[in-house]
>>> print(open('model-v4.cif').read())   # mmCIF, N, CA and C atoms
data_structure
#
loop_
_atom_site.group_PDB
_atom_site.id
_atom_site.type_symbol
_atom_site.label_atom_id
_atom_site.label_comp_id
_atom_site.auth_asym_id
_atom_site.auth_seq_id
_atom_site.Cartn_x
_atom_site.Cartn_y
_atom_site.Cartn_z
ATOM 1 N N VAL E 29 -19.650 -128.948 -188.506
ATOM 2 C CA VAL E 29 -19.245 -128.943 -187.112
ATOM 3 C C VAL E 29 -19.576 -127.591 -186.500
ATOM 4 N N ILE E 30 -19.807 -127.605 -185.194
ATOM 5 C CA ILE E 30 -20.036 -126.392 -184.423
ATOM 6 C C ILE E 30 -18.859 -126.257 -183.461
ATOM 7 N N VAL E 31 -18.208 -125.090 -183.512
ATOM 8 C CA VAL E 31 -16.974 -124.867 -182.759
ATOM 9 C C VAL E 31 -17.076 -123.564 -181.976
ATOM 10 N N LYS E 32 -16.472 -123.565 -180.786
ATOM 11 C CA LYS E 32 -16.318 -122.321 -180.023
ATOM 12 C C LYS E 32 -14.990 -122.366 -179.288
ATOM 13 N N SER E 33 -14.215 -121.321 -179.429
ATOM 14 C CA SER E 33 -12.916 -121.200 -178.751
ATOM 15 C C SER E 33 -12.033 -122.416 -178.994
ATOM 16 N N GLY E 34 -12.054 -122.933 -180.220
ATOM 17 C CA GLY E 34 -11.204 -124.056 -180.588
ATOM 18 C C GLY E 34 -11.707 -125.419 -180.149
ATOM 19 N N THR E 35 -12.869 -125.478 -179.538
ATOM 20 C CA THR E 35 -13.434 -126.742 -179.075
ATOM 21 C C THR E 35 -14.605 -127.142 -179.962
ATOM 22 N N VAL E 36 -14.573 -128.372 -180.469
ATOM 23 C CA VAL E 36 -15.680 -128.891 -181.272
ATOM 24 C C VAL E 36 -16.808 -129.282 -180.320
ATOM 25 N N LEU E 37 -17.960 -128.656 -180.522
ATOM 26 C CA LEU E 37 -19.103 -128.904 -179.645
ATOM 27 C C LEU E 37 -20.111 -129.878 -180.237
ATOM 28 N N ALA E 38 -20.192 -129.926 -181.569
ATOM 29 C CA ALA E 38 -21.141 -130.836 -182.222
ATOM 30 C C ALA E 38 -20.632 -131.156 -183.620
ATOM 31 N N VAL E 39 -20.854 -132.386 -184.025
ATOM 32 C CA VAL E 39 -20.523 -132.843 -185.372
ATOM 33 C C VAL E 39 -21.824 -133.301 -186.015
ATOM 34 N N GLU E 40 -22.075 -132.812 -187.215
ATOM 35 C CA GLU E 40 -23.302 -133.206 -187.915
ATOM 36 C C GLU E 40 -23.252 -134.692 -188.242
ATOM 37 N N ALA E 41 -24.309 -135.370 -187.890
ATOM 38 C CA ALA E 41 -24.437 -136.794 -188.192
ATOM 39 C C ALA E 41 -25.720 -136.985 -188.985
ATOM 40 N N PHE E 42 -26.311 -138.141 -188.861
ATOM 41 C CA PHE E 42 -27.509 -138.480 -189.620
ATOM 42 C C PHE E 42 -28.666 -137.521 -189.364
ATOM 43 N N GLU E 43 -28.709 -136.914 -188.174
ATOM 44 C CA GLU E 43 -29.828 -136.052 -187.813
ATOM 45 C C GLU E 43 -29.893 -134.779 -188.635
ATOM 46 N N GLY E 44 -28.776 -134.342 -189.199
ATOM 47 C CA GLY E 44 -28.777 -133.175 -190.075
ATOM 48 C C GLY E 44 -28.221 -131.919 -189.438
ATOM 49 N N THR E 45 -28.082 -130.911 -190.280
ATOM 50 C CA THR E 45 -27.455 -129.650 -189.890
ATOM 51 C C THR E 45 -28.186 -128.953 -188.750
ATOM 52 N N ASN E 46 -29.484 -128.804 -188.866
ATOM 53 C CA ASN E 46 -30.226 -128.026 -187.872
ATOM 54 C C ASN E 46 -30.134 -128.617 -186.472
ATOM 55 N N ASP E 47 -30.199 -129.922 -186.354
ATOM 56 C CA ASP E 47 -30.079 -130.536 -185.030
ATOM 57 C C ASP E 47 -28.660 -130.408 -184.487
ATOM 58 N N ALA E 48 -27.664 -130.467 -185.359
ATOM 59 C CA ALA E 48 -26.281 -130.256 -184.919
ATOM 60 C C ALA E 48 -26.108 -128.828 -184.398
ATOM 61 N N ILE E 49 -26.704 -127.867 -185.091
ATOM 62 C CA ILE E 49 -26.646 -126.472 -184.636
ATOM 63 C C ILE E 49 -27.300 -126.340 -183.266
ATOM 64 N N LYS E 50 -28.446 -126.962 -183.081
ATOM 65 C CA LYS E 50 -29.145 -126.887 -181.792
ATOM 66 C C LYS E 50 -28.293 -127.466 -180.668
ATOM 67 N N ARG E 51 -27.688 -128.635 -180.916
ATOM 68 C CA ARG E 51 -26.847 -129.267 -179.887
ATOM 69 C C ARG E 51 -25.632 -128.407 -179.569
ATOM 70 N N GLY E 52 -24.930 -127.969 -180.612
ATOM 71 C CA GLY E 52 -23.739 -127.146 -180.403
ATOM 72 C C GLY E 52 -24.063 -125.806 -179.779
ATOM 73 N N GLY E 53 -25.150 -125.200 -180.223
ATOM 74 C CA GLY E 53 -25.554 -123.912 -179.676
ATOM 75 C C GLY E 53 -25.909 -123.990 -178.202
ATOM 76 N N ALA E 54 -26.547 -125.081 -177.804
ATOM 77 C CA ALA E 54 -26.902 -125.262 -176.393
ATOM 78 C C ALA E 54 -25.650 -125.346 -175.526
ATOM 79 N N LEU E 55 -24.616 -125.984 -176.039
ATOM 80 C CA LEU E 55 -23.365 -126.088 -175.285
ATOM 81 C C LEU E 55 -22.587 -124.776 -175.284
ATOM 82 N N ALA E 56 -22.606 -124.079 -176.413
ATOM 83 C CA ALA E 56 -21.844 -122.831 -176.538
ATOM 84 C C ALA E 56 -22.506 -121.681 -175.792
ATOM 85 N N ARG E 57 -23.812 -121.705 -175.741
ATOM 86 C CA ARG E 57 -24.654 -120.640 -175.193
ATOM 87 C C ARG E 57 -24.705 -119.423 -176.107
ATOM 88 N N LYS E 58 -23.593 -119.007 -176.694
ATOM 89 C CA LYS E 58 -23.594 -117.947 -177.708
ATOM 90 C C LYS E 58 -22.207 -117.847 -178.334
ATOM 91 N N GLY E 59 -22.158 -117.286 -179.546
ATOM 92 C CA GLY E 59 -20.882 -116.968 -180.170
ATOM 93 C C GLY E 59 -20.160 -118.102 -180.864
ATOM 94 N N ALA E 60 -20.838 -119.187 -181.187
ATOM 95 C CA ALA E 60 -20.177 -120.320 -181.840
ATOM 96 C C ALA E 60 -20.071 -120.100 -183.348
ATOM 97 N N LEU E 61 -19.318 -120.953 -183.982
ATOM 98 C CA LEU E 61 -19.060 -120.949 -185.416
ATOM 99 C C LEU E 61 -19.517 -122.277 -185.995
ATOM 100 N N MET E 62 -20.198 -122.234 -187.139
ATOM 101 C CA MET E 62 -20.561 -123.457 -187.850
ATOM 102 C C MET E 62 -19.712 -123.545 -189.108
ATOM 103 N N ILE E 63 -19.155 -124.711 -189.363
ATOM 104 C CA ILE E 63 -18.395 -124.960 -190.582
ATOM 105 C C ILE E 63 -19.094 -126.076 -191.338
ATOM 106 N N LYS E 64 -19.448 -125.808 -192.596
ATOM 107 C CA LYS E 64 -20.181 -126.782 -193.426
ATOM 108 C C LYS E 64 -19.358 -127.043 -194.678
ATOM 109 N N VAL E 65 -18.831 -128.250 -194.798
ATOM 110 C CA VAL E 65 -18.031 -128.632 -195.962
ATOM 111 C C VAL E 65 -18.468 -130.005 -196.456
ATOM 112 N N ALA E 66 -18.115 -130.302 -197.703
ATOM 113 C CA ALA E 66 -18.376 -131.634 -198.251
ATOM 114 C C ALA E 66 -17.376 -132.620 -197.653
ATOM 115 N N LYS E 67 -17.821 -133.842 -197.491
ATOM 116 C CA LYS E 67 -16.927 -134.898 -197.026
ATOM 117 C C LYS E 67 -15.984 -135.281 -198.165
ATOM 118 N N PRO E 68 -14.801 -135.774 -197.846
ATOM 119 C CA PRO E 68 -13.939 -136.279 -198.919
ATOM 120 C C PRO E 68 -14.686 -137.384 -199.676
ATOM 121 N N ASN E 69 -14.611 -137.362 -200.958
ATOM 122 C CA ASN E 69 -15.270 -138.352 -201.819
ATOM 123 C C ASN E 69 -16.797 -138.326 -201.725
ATOM 124 N N GLN E 70 -17.383 -137.225 -201.271
ATOM 125 C CA GLN E 70 -18.843 -137.114 -201.205
ATOM 126 C C GLN E 70 -19.405 -137.095 -202.619
ATOM 127 N N ASP E 71 -20.426 -137.888 -202.862
ATOM 128 C CA ASP E 71 -21.053 -137.939 -204.180
ATOM 129 C C ASP E 71 -21.984 -136.743 -204.325
ATOM 130 N N MET E 72 -21.500 -135.715 -205.003
ATOM 131 C CA MET E 72 -22.236 -134.457 -205.125
ATOM 132 C C MET E 72 -23.477 -134.581 -206.009
ATOM 133 N N ARG E 73 -23.655 -135.705 -206.667
ATOM 134 C CA ARG E 73 -24.870 -135.911 -207.459
ATOM 135 C C ARG E 73 -26.078 -136.153 -206.568
ATOM 136 N N PHE E 74 -25.840 -136.712 -205.388
ATOM 137 C CA PHE E 74 -26.943 -137.130 -204.525
ATOM 138 C C PHE E 74 -26.947 -136.484 -203.141
ATOM 139 N N ASP E 75 -25.818 -135.945 -202.729
ATOM 140 C CA ASP E 75 -25.682 -135.455 -201.352
ATOM 141 C C ASP E 75 -24.901 -134.145 -201.353
ATOM 142 N N VAL E 76 -25.589 -133.052 -201.647
ATOM 143 C CA VAL E 76 -24.953 -131.740 -201.739
ATOM 144 C C VAL E 76 -25.104 -131.010 -200.404
ATOM 145 N N PRO E 77 -24.020 -130.443 -199.863
ATOM 146 C CA PRO E 77 -24.159 -129.624 -198.659
ATOM 147 C C PRO E 77 -25.048 -128.410 -198.955
ATOM 148 N N VAL E 78 -26.019 -128.152 -198.086
ATOM 149 C CA VAL E 78 -27.007 -127.094 -198.322
ATOM 150 C C VAL E 78 -27.238 -126.314 -197.030
ATOM 151 N N ILE E 79 -27.408 -124.995 -197.174
ATOM 152 C CA ILE E 79 -27.978 -124.202 -196.088
ATOM 153 C C ILE E 79 -29.134 -123.397 -196.668
ATOM 154 N N GLY E 80 -30.137 -123.184 -195.848
ATOM 155 C CA GLY E 80 -31.316 -122.449 -196.295
ATOM 156 C C GLY E 80 -31.808 -121.516 -195.205
ATOM 157 N N VAL E 81 -32.954 -120.940 -195.432
ATOM 158 C CA VAL E 81 -33.539 -119.989 -194.488
ATOM 159 C C VAL E 81 -33.723 -120.627 -193.111
ATOM 160 N N GLU E 82 -34.193 -121.864 -193.080
ATOM 161 C CA GLU E 82 -34.390 -122.531 -191.787
ATOM 162 C C GLU E 82 -33.061 -122.721 -191.055
ATOM 163 N N THR E 83 -31.989 -122.985 -191.794
ATOM 164 C CA THR E 83 -30.662 -123.102 -191.180
ATOM 165 C C THR E 83 -30.301 -121.802 -190.467
ATOM 166 N N ILE E 84 -30.560 -120.675 -191.122
ATOM 167 C CA ILE E 84 -30.236 -119.379 -190.526
ATOM 168 C C ILE E 84 -31.133 -119.109 -189.315
ATOM 169 N N ARG E 85 -32.387 -119.484 -189.393
ATOM 170 C CA ARG E 85 -33.293 -119.303 -188.245
ATOM 171 C C ARG E 85 -32.807 -120.098 -187.031
ATOM 172 N N VAL E 86 -32.424 -121.348 -187.273
ATOM 173 C CA VAL E 86 -31.926 -122.192 -186.186
ATOM 174 C C VAL E 86 -30.609 -121.629 -185.649
ATOM 175 N N ALA E 87 -29.740 -121.170 -186.539
ATOM 176 C CA ALA E 87 -28.467 -120.568 -186.122
ATOM 177 C C ALA E 87 -28.705 -119.314 -185.285
ATOM 178 N N THR E 88 -29.713 -118.547 -185.642
ATOM 179 C CA THR E 88 -30.066 -117.348 -184.877
ATOM 180 C C THR E 88 -30.521 -117.730 -183.473
ATOM 181 N N GLU E 89 -31.385 -118.728 -183.374
ATOM 182 C CA GLU E 89 -31.861 -119.195 -182.066
ATOM 183 C C GLU E 89 -30.710 -119.728 -181.219
ATOM 184 N N ALA E 90 -29.728 -120.353 -181.874
ATOM 185 C CA ALA E 90 -28.579 -120.924 -181.174
ATOM 186 C C ALA E 90 -27.508 -119.877 -180.878
ATOM 187 N N LYS E 91 -27.730 -118.644 -181.335
ATOM 188 C CA LYS E 91 -26.810 -117.525 -181.111
ATOM 189 C C LYS E 91 -25.443 -117.749 -181.755
ATOM 190 N N LEU E 92 -25.438 -118.423 -182.926
ATOM 191 C CA LEU E 92 -24.198 -118.543 -183.680
ATOM 192 C C LEU E 92 -23.805 -117.170 -184.201
ATOM 193 N N ARG E 93 -22.519 -116.967 -184.467
ATOM 194 C CA ARG E 93 -22.036 -115.693 -184.988
ATOM 195 C C ARG E 93 -21.471 -115.812 -186.391
ATOM 196 N N VAL E 94 -20.992 -117.002 -186.767
ATOM 197 C CA VAL E 94 -20.381 -117.184 -188.087
ATOM 198 C C VAL E 94 -20.820 -118.517 -188.665
ATOM 199 N N ILE E 95 -21.135 -118.503 -189.960
ATOM 200 C CA ILE E 95 -21.374 -119.728 -190.716
ATOM 201 C C ILE E 95 -20.369 -119.727 -191.855
ATOM 202 N N ALA E 96 -19.487 -120.715 -191.853
ATOM 203 C CA ALA E 96 -18.476 -120.848 -192.901
ATOM 204 C C ALA E 96 -18.851 -122.043 -193.771
ATOM 205 N N VAL E 97 -18.942 -121.813 -195.077
ATOM 206 C CA VAL E 97 -19.319 -122.876 -196.009
ATOM 207 C C VAL E 97 -18.208 -123.083 -197.024
ATOM 208 N N GLU E 98 -18.140 -124.275 -197.558
ATOM 209 C CA GLU E 98 -17.139 -124.584 -198.575
ATOM 210 C C GLU E 98 -17.562 -123.965 -199.903
ATOM 211 N N ALA E 99 -16.715 -123.089 -200.415
ATOM 212 C CA ALA E 99 -16.993 -122.416 -201.688
ATOM 213 C C ALA E 99 -17.096 -123.436 -202.808
ATOM 214 N N GLU E 100 -17.999 -123.195 -203.715
ATOM 215 C CA GLU E 100 -18.209 -123.996 -204.919
ATOM 216 C C GLU E 100 -18.761 -125.393 -204.657
ATOM 217 N N LYS E 101 -19.063 -125.708 -203.396
ATOM 218 C CA LYS E 101 -19.627 -127.026 -203.095
ATOM 219 C C LYS E 101 -20.883 -126.951 -202.248
ATOM 220 N N THR E 102 -21.134 -125.825 -201.598
ATOM 221 C CA THR E 102 -22.300 -125.686 -200.736
ATOM 222 C C THR E 102 -23.375 -124.888 -201.452
ATOM 223 N N LEU E 103 -24.571 -125.424 -201.480
ATOM 224 C CA LEU E 103 -25.703 -124.775 -202.127
ATOM 225 C C LEU E 103 -26.419 -123.881 -201.115
ATOM 226 N N LEU E 104 -26.628 -122.618 -201.494
ATOM 227 C CA LEU E 104 -27.371 -121.681 -200.656
ATOM 228 C C LEU E 104 -28.769 -121.532 -201.238
ATOM 229 N N LEU E 105 -29.755 -122.112 -200.583
ATOM 230 C CA LEU E 105 -31.132 -121.990 -201.047
ATOM 231 C C LEU E 105 -31.669 -120.619 -200.655
ATOM 232 N N GLU E 106 -32.325 -119.954 -201.583
ATOM 233 C CA GLU E 106 -32.876 -118.622 -201.338
ATOM 234 C C GLU E 106 -31.796 -117.675 -200.813
ATOM 235 N N ARG E 107 -30.726 -117.545 -201.604
ATOM 236 C CA ARG E 107 -29.539 -116.798 -201.197
ATOM 237 C C ARG E 107 -29.855 -115.412 -200.637
ATOM 238 N N ASP E 108 -30.652 -114.619 -201.338
ATOM 239 C CA ASP E 108 -30.948 -113.259 -200.879
ATOM 240 C C ASP E 108 -31.650 -113.259 -199.525
ATOM 241 N N ALA E 109 -32.580 -114.175 -199.339
ATOM 242 C CA ALA E 109 -33.289 -114.271 -198.060
ATOM 243 C C ALA E 109 -32.336 -114.691 -196.944
ATOM 244 N N ILE E 110 -31.418 -115.602 -197.259
ATOM 245 C CA ILE E 110 -30.424 -116.046 -196.279
ATOM 246 C C ILE E 110 -29.556 -114.873 -195.843
ATOM 247 N N VAL E 111 -29.068 -114.125 -196.818
ATOM 248 C CA VAL E 111 -28.191 -112.989 -196.520
ATOM 249 C C VAL E 111 -28.927 -111.953 -195.670
ATOM 250 N N ASP E 112 -30.149 -111.626 -196.045
ATOM 251 C CA ASP E 112 -30.929 -110.646 -195.281
ATOM 252 C C ASP E 112 -31.159 -111.110 -193.844
ATOM 253 N N LEU E 113 -31.543 -112.361 -193.689
ATOM 254 C CA LEU E 113 -31.808 -112.900 -192.356
ATOM 255 C C LEU E 113 -30.528 -112.944 -191.521
ATOM 256 N N ALA E 114 -29.430 -113.370 -192.135
ATOM 257 C CA ALA E 114 -28.150 -113.432 -191.422
ATOM 258 C C ALA E 114 -27.703 -112.037 -190.989
ATOM 259 N N GLU E 115 -27.804 -111.071 -191.891
ATOM 260 C CA GLU E 115 -27.413 -109.701 -191.541
ATOM 261 C C GLU E 115 -28.259 -109.170 -190.392
ATOM 262 N N GLY E 116 -29.550 -109.439 -190.427
ATOM 263 C CA GLY E 116 -30.439 -108.990 -189.360
ATOM 264 C C GLY E 116 -30.179 -109.669 -188.030
ATOM 265 N N SER E 117 -29.500 -110.807 -188.073
ATOM 266 C CA SER E 117 -29.197 -111.569 -186.855
ATOM 267 C C SER E 117 -27.735 -111.446 -186.440
ATOM 268 N N ASN E 118 -26.991 -110.575 -187.131
ATOM 269 C CA ASN E 118 -25.553 -110.405 -186.858
ATOM 270 C C ASN E 118 -24.771 -111.700 -187.024
ATOM 271 N N ILE E 119 -25.147 -112.487 -188.029
ATOM 272 C CA ILE E 119 -24.415 -113.705 -188.375
ATOM 273 C C ILE E 119 -23.650 -113.432 -189.659
ATOM 274 N N SER E 120 -22.356 -113.692 -189.633
ATOM 275 C CA SER E 120 -21.530 -113.549 -190.831
ATOM 276 C C SER E 120 -21.509 -114.870 -191.577
ATOM 277 N N ILE E 121 -21.671 -114.808 -192.893
ATOM 278 C CA ILE E 121 -21.545 -115.996 -193.740
ATOM 279 C C ILE E 121 -20.289 -115.809 -194.576
ATOM 280 N N VAL E 122 -19.379 -116.780 -194.497
ATOM 281 C CA VAL E 122 -18.132 -116.706 -195.254
ATOM 282 C C VAL E 122 -17.947 -117.984 -196.054
ATOM 283 N N ALA E 123 -17.254 -117.857 -197.187
ATOM 284 C CA ALA E 123 -16.955 -119.019 -198.032
ATOM 285 C C ALA E 123 -15.489 -119.388 -197.859
ATOM 286 N N LEU E 124 -15.231 -120.667 -197.706
ATOM 287 C CA LEU E 124 -13.872 -121.187 -197.558
ATOM 288 C C LEU E 124 -13.441 -121.847 -198.852
ATOM 289 N N LEU E 125 -12.244 -121.548 -199.293
ATOM 290 C CA LEU E 125 -11.716 -122.194 -200.498
ATOM 291 C C LEU E 125 -10.924 -123.419 -200.140
#
>>> encode(input="model-v4.cif", output="structure tokens")
Amino acid sequence: VIVKSGTVLAVEAFEGTNDAIKRGGALARKGALMIKVAKPNQDMRFDVPVIGVETIRVATEAKLRVIAVEAEKTLLLERDAIVDLAEGSNISIVALL
């Protein structure tokens, strides 16, 4: 989900994370938060929550400020590259327990 000031602006659906970020970012204009968690009863064998370099690029374009992911369930592809890109874009990445 993409949230700003307590208002949900976009919910990820079939289109995927990046399109949800684009929709939410367009409504927020800047400073939104993305929260990425597994669904209850999500089959982690086939459908793992993931963020990657492209996710951070899209978040940067959408002017997001925080990406919160579910600890121990979200896969970070190219972790070092993600962290570097996020830091350079003033995006904080946090893990939620």
>>> closest_residue(input="model-v4.cif", among="E:Lys32, E:Gln70, E:Val86, E:Pro77", to="Ile49 of chain E", atoms="only N, CA and C atoms")
E:Val86
>>> axis_aligned_box(input="model-v4.cif", around="segment 60-74 of chain E", padding_each_side="3 Å", output="JSON")
{"center_x": -20.4, "center_y": -128.8, "center_z": -194.3, "size_x": 19.0, "size_y": 25.2, "size_z": 32.3}
>>> resolve_selection(input="model-v4.cif", expression="the PyMOL selection byres (((chain E and resi 111 and name CA) around 12) and name CA)", output="PyMOL selection string")
chain E and resi 79-81+83-85+95+104-110+112-122
>>> write_last_selection(input="model-v4.cif", atoms="N, CA and C atoms", output="CSV table (one decimal), in the frame of the given file")
chain,number,residue,atom,x,y,z
E,79,ILE,N,-27.4,-125.0,-197.2
E,79,ILE,CA,-28.0,-124.2,-196.1
E,79,ILE,C,-29.1,-123.4,-196.7
E,80,GLY,N,-30.1,-123.2,-195.8
E,80,GLY,CA,-31.3,-122.4,-196.3
E,80,GLY,C,-31.8,-121.5,-195.2
E,81,VAL,N,-33.0,-120.9,-195.4
E,81,VAL,CA,-33.5,-120.0,-194.5
E,81,VAL,C,-33.7,-120.6,-193.1
E,83,THR,N,-32.0,-123.0,-191.8
E,83,THR,CA,-30.7,-123.1,-191.2
E,83,THR,C,-30.3,-121.8,-190.5
E,84,ILE,N,-30.6,-120.7,-191.1
E,84,ILE,CA,-30.2,-119.4,-190.5
E,84,ILE,C,-31.1,-119.1,-189.3
E,85,ARG,N,-32.4,-119.5,-189.4
E,85,ARG,CA,-33.3,-119.3,-188.2
E,85,ARG,C,-32.8,-120.1,-187.0
E,95,ILE,N,-21.1,-118.5,-190.0
E,95,ILE,CA,-21.4,-119.7,-190.7
E,95,ILE,C,-20.4,-119.7,-191.9
E,104,LEU,N,-26.6,-122.6,-201.5
E,104,LEU,CA,-27.4,-121.7,-200.7
E,104,LEU,C,-28.8,-121.5,-201.2
E,105,LEU,N,-29.8,-122.1,-200.6
E,105,LEU,CA,-31.1,-122.0,-201.0
E,105,LEU,C,-31.7,-120.6,-200.7
E,106,GLU,N,-32.3,-120.0,-201.6
E,106,GLU,CA,-32.9,-118.6,-201.3
E,106,GLU,C,-31.8,-117.7,-200.8
E,107,ARG,N,-30.7,-117.5,-201.6
E,107,ARG,CA,-29.5,-116.8,-201.2
E,107,ARG,C,-29.9,-115.4,-200.6
E,108,ASP,N,-30.7,-114.6,-201.3
E,108,ASP,CA,-30.9,-113.3,-200.9
E,108,ASP,C,-31.6,-113.3,-199.5
E,109,ALA,N,-32.6,-114.2,-199.3
E,109,ALA,CA,-33.3,-114.3,-198.1
E,109,ALA,C,-32.3,-114.7,-196.9
E,110,ILE,N,-31.4,-115.6,-197.3
E,110,ILE,CA,-30.4,-116.0,-196.3
E,110,ILE,C,-29.6,-114.9,-195.8
E,112,ASP,N,-30.1,-111.6,-196.0
E,112,ASP,CA,-30.9,-110.6,-195.3
E,112,ASP,C,-31.2,-111.1,-193.8
E,113,LEU,N,-31.5,-112.4,-193.7
E,113,LEU,CA,-31.8,-112.9,-192.4
E,113,LEU,C,-30.5,-112.9,-191.5
E,114,ALA,N,-29.4,-113.4,-192.1
E,114,ALA,CA,-28.2,-113.4,-191.4
E,114,ALA,C,-27.7,-112.0,-191.0
E,115,GLU,N,-27.8,-111.1,-191.9
E,115,GLU,CA,-27.4,-109.7,-191.5
E,115,GLU,C,-28.3,-109.2,-190.4
E,116,GLY,N,-29.6,-109.4,-190.4
E,116,GLY,CA,-30.4,-109.0,-189.4
E,116,GLY,C,-30.2,-109.7,-188.0
E,117,SER,N,-29.5,-110.8,-188.1
E,117,SER,CA,-29.2,-111.6,-186.9
E,117,SER,C,-27.7,-111.4,-186.4
E,118,ASN,N,-27.0,-110.6,-187.1
E,118,ASN,CA,-25.6,-110.4,-186.9
E,118,ASN,C,-24.8,-111.7,-187.0
E,119,ILE,N,-25.1,-112.5,-188.0
E,119,ILE,CA,-24.4,-113.7,-188.4
E,119,ILE,C,-23.6,-113.4,-189.7
E,120,SER,N,-22.4,-113.7,-189.6
E,120,SER,CA,-21.5,-113.5,-190.8
E,120,SER,C,-21.5,-114.9,-191.6
E,121,ILE,N,-21.7,-114.8,-192.9
E,121,ILE,CA,-21.5,-116.0,-193.7
E,121,ILE,C,-20.3,-115.8,-194.6
E,122,VAL,N,-19.4,-116.8,-194.5
E,122,VAL,CA,-18.1,-116.7,-195.3
E,122,VAL,C,-17.9,-118.0,-196.1
>>> closest_residue(input="model-v4.cif", among="E:Arg93, E:Ala56, E:Thr88, E:Lys101", to="Asp71 of chain E", atoms="only C-alpha atoms")
E:Lys101
>>> residues_around(input="model-v4.cif", residues="Ser33 of chain E", least_positions_apart="4", cutoff="7 Å", atoms="only N, CA and C atoms", output="PyMOL selection string")
chain E and resi 59-61
>>> resolve_selection(input="model-v4.cif", expression="the PyMOL selection byres ((chain E and resi 124) around 6.5)", output="VMD selection string")
chain E and resid 96 to 99 122 to 123 125
>>> select_by_dssp(input="model-v4.cif", residues="chain E", states="strand (DSSP E)", output="ChimeraX atom specification")
/E:30-32,35-38,61-64,78-79,94-98,103-104,120-124
>>> atom_distance(input="model-v4.cif", atom1="atom C of Glu100 of chain E", atom2="atom C of Gly53 of chain E")
27.4 Å
>>> closest_residue(input="model-v4.cif", among="E:Ala41, E:Lys58, E:Ala90, E:Thr102", to="Val29 of chain E", atoms="only N, CA and C atoms")
E:Ala41
>>> atom_distance(input="model-v4.cif", atom1="atom C of Leu55 of chain E", atom2="atom CA of Glu89 of chain E")
12.8 Å
>>> atom_distance(input="model-v4.cif", atom1="atom CA of Pro68 of chain E", atom2="atom CA of Ala54 of chain E")
28.2 Å
>>> closest_residue(input="model-v4.cif", among="E:Gly52, E:Phe74, E:Leu103, E:Val65", to="Ala38 of chain E", atoms="only C-alpha atoms")
E:Gly52
>>> select_by_dssp(input="model-v4.cif", residues="chain E", states="helix (DSSP H, G or I)", output="PyMOL selection string")
chain E and resi 45-56+81-89+107-116
